Amino acid sequence: MSALGPVYGVAFGQIEAAALARLLRDSGAAALRLTPHRALILEAGGRRDSTEFLTAADDPMLRIDACPGAPSCTSATVETRAMARALAPALETVAPGARRSLHVSGCTKGCARARAADITLVGRNGKFDLVRDAAPGTHHRRQGCPPRPCAHSSEPFDACL
């Protein structure tokens, strides 16, 4: 909550028009402000529960960048957003308490994030390459990882990807 009204995060900076219209209507907001941090402030609005927006300030989805991926982008060889959502809880296990960033890119162009992320997955030939503390076009730490998260590992970004 800000002094102006409730704040809602937007995963990947993309929202459905109908979801936004519902939120505005249900909250009774007088105005809408966009922030540079993929969030909306509903001026003079009331807080409403939402499954379509992020409501916790520490939600790991706010630290994840993911391009549209395949099939939306012809350069991408992997689907990115489902992977990003599946890996969001693992951001907390990589370094508990640390505010780690994750970038899931469908190709080496890295369109969703111009700067380095703590962990970057780069799509290549239907699989992912793993990059640490760098951007998608740099040297890859691990190559050819299957396009699925590994739930049984305590090190999901190293052991399985």
# chains A, B, ... in the order shown; residues from 1 in each chain; ligands from 1
$ residues_around --residues "Val7 (chain A)" --least-positions-apart "5" --cutoff "12 Å" --atoms "only C-alpha atoms" --output "PyMOL selection string"
chain A and resi 1-2+23-24+27+29+32-35+37-50+53-57
$ residues_around --residues "Pro68 (chain A)" --least-positions-apart "2" --cutoff "10 Å" --atoms "only C-alpha atoms" --output "PyMOL selection string"
chain A and resi 12+14+65-66+70-73+76+78-81+104-106+111-112
$ select_by_dssp --residues "chain A" --states "strand (DSSP E)" --output "ChimeraX atom specification"
/A:7-9,31-34,39-43,64-66,102-105,117-124,127-134,142-145
$ write_last_selection --atoms "C-alpha atoms" --output "PDB file, in the first residue's frame"
ATOM      1  CA  VAL A   7      -0.151  -1.281  -5.202  1.00  0.00           C
ATOM      2  CA  TYR A   8      -0.417  -4.322  -7.461  1.00  0.00           C
ATOM      3  CA  GLY A   9       2.488  -5.987  -9.231  1.00  0.00           C
ATOM      4  CA  ALA A  31      -6.991   7.062 -11.130  1.00  0.00           C
ATOM      5  CA  LEU A  32      -4.278   4.629 -12.138  1.00  0.00           C
ATOM      6  CA  ARG A  33      -0.519   5.237 -11.941  1.00  0.00           C
ATOM      7  CA  LEU A  34       2.089   3.032 -13.581  1.00  0.00           C
ATOM      8  CA  ALA A  39       3.442  -2.174 -10.650  1.00  0.00           C
ATOM      9  CA  LEU A  40       0.198  -0.225 -10.619  1.00  0.00           C
ATOM     10  CA  ILE A  41      -0.988   2.216  -7.964  1.00  0.00           C
ATOM     11  CA  LEU A  42      -4.758   2.547  -7.730  1.00  0.00           C
ATOM     12  CA  GLU A  43      -5.255   6.076  -6.450  1.00  0.00           C
ATOM     13  CA  ILE A  64      11.839 -12.347 -12.750  1.00  0.00           C
ATOM     14  CA  ASP A  65      12.140 -11.115 -16.305  1.00  0.00           C
ATOM     15  CA  ALA A  66      10.882 -13.368 -19.103  1.00  0.00           C
ATOM     16  CA  LEU A 102      16.097 -14.532 -12.673  1.00  0.00           C
ATOM     17  CA  HIS A 103      15.929 -13.926 -16.408  1.00  0.00           C
ATOM     18  CA  VAL A 104      14.341 -16.543 -18.667  1.00  0.00           C
ATOM     19  CA  SER A 105      15.125 -15.761 -22.285  1.00  0.00           C
ATOM     20  CA  ALA A 117      20.744 -11.227 -13.831  1.00  0.00           C
ATOM     21  CA  ASP A 118      21.935 -13.422 -10.978  1.00  0.00           C
ATOM     22  CA  ILE A 119      20.588 -16.435 -12.863  1.00  0.00           C
ATOM     23  CA  THR A 120      19.773 -16.484 -16.570  1.00  0.00           C
ATOM     24  CA  LEU A 121      18.271 -19.324 -18.559  1.00  0.00           C
ATOM     25  CA  VAL A 122      18.785 -18.950 -22.301  1.00  0.00           C
ATOM     26  CA  GLY A 123      16.767 -20.967 -24.809  1.00  0.00           C
ATOM     27  CA  ARG A 124      18.772 -22.768 -27.472  1.00  0.00           C
ATOM     28  CA  LYS A 127      16.631 -26.562 -24.274  1.00  0.00           C
ATOM     29  CA  PHE A 128      18.122 -24.057 -21.823  1.00  0.00           C
ATOM     30  CA  ASP A 129      21.655 -22.898 -21.143  1.00  0.00           C
ATOM     31  CA  LEU A 130      22.425 -21.637 -17.631  1.00  0.00           C
ATOM     32  CA  VAL A 131      24.309 -18.386 -17.087  1.00  0.00           C
ATOM     33  CA  ARG A 132      25.269 -16.943 -13.683  1.00  0.00           C
ATOM     34  CA  ASP A 133      25.756 -13.210 -13.034  1.00  0.00           C
ATOM     35  CA  ALA A 134      25.723 -12.350 -16.728  1.00  0.00           C
ATOM     36  CA  ARG A 142      25.786 -25.339 -18.342  1.00  0.00           C
ATOM     37  CA  GLN A 143      24.371 -26.136 -21.747  1.00  0.00           C
ATOM     38  CA  GLY A 144      21.489 -28.193 -23.094  1.00  0.00           C
ATOM     39  CA  CYS A 145      19.382 -28.398 -19.931  1.00  0.00           C
TER      40      CYS A 145
END
$ select_by_dssp --residues "region 50-101 of chain A" --states "alpha helix (DSSP H)" --output "list in words"
Arg81, Ala82, Met83, Ala84, Arg85, Ala86, Leu87, Ala90, Leu91, Glu92, Thr93 and Val94 of chain A
$ residues_around --residues "Glu52 (chain A)" --least-positions-apart "6" --cutoff "12 Å" --atoms "only C-alpha atoms" --output "list in words"
Tyr8, Gly9, Val10, Ala11, Gln14, Ile15, Glu16, Ala17, Ala18, Ala19, Leu20, Ala21, Arg22 and Leu23 of chain A
$ atom_distance --atom1 "CA of Arg100 (chain A)" --atom2 "CA of Gly126 (chain A)"
25.3 Å
$ closest_residue --among "A:Thr108, A:Thr138, A:Thr51, A:Ser101" --to "Asn125 (chain A)" --atoms "only C-alpha atoms"
A:Thr108
$ closest_residue --among "A:Ala3, A:Ala135, A:Leu62, A:Ala30" --to "Leu91 (chain A)" --atoms "only C-alpha atoms"
A:Leu62
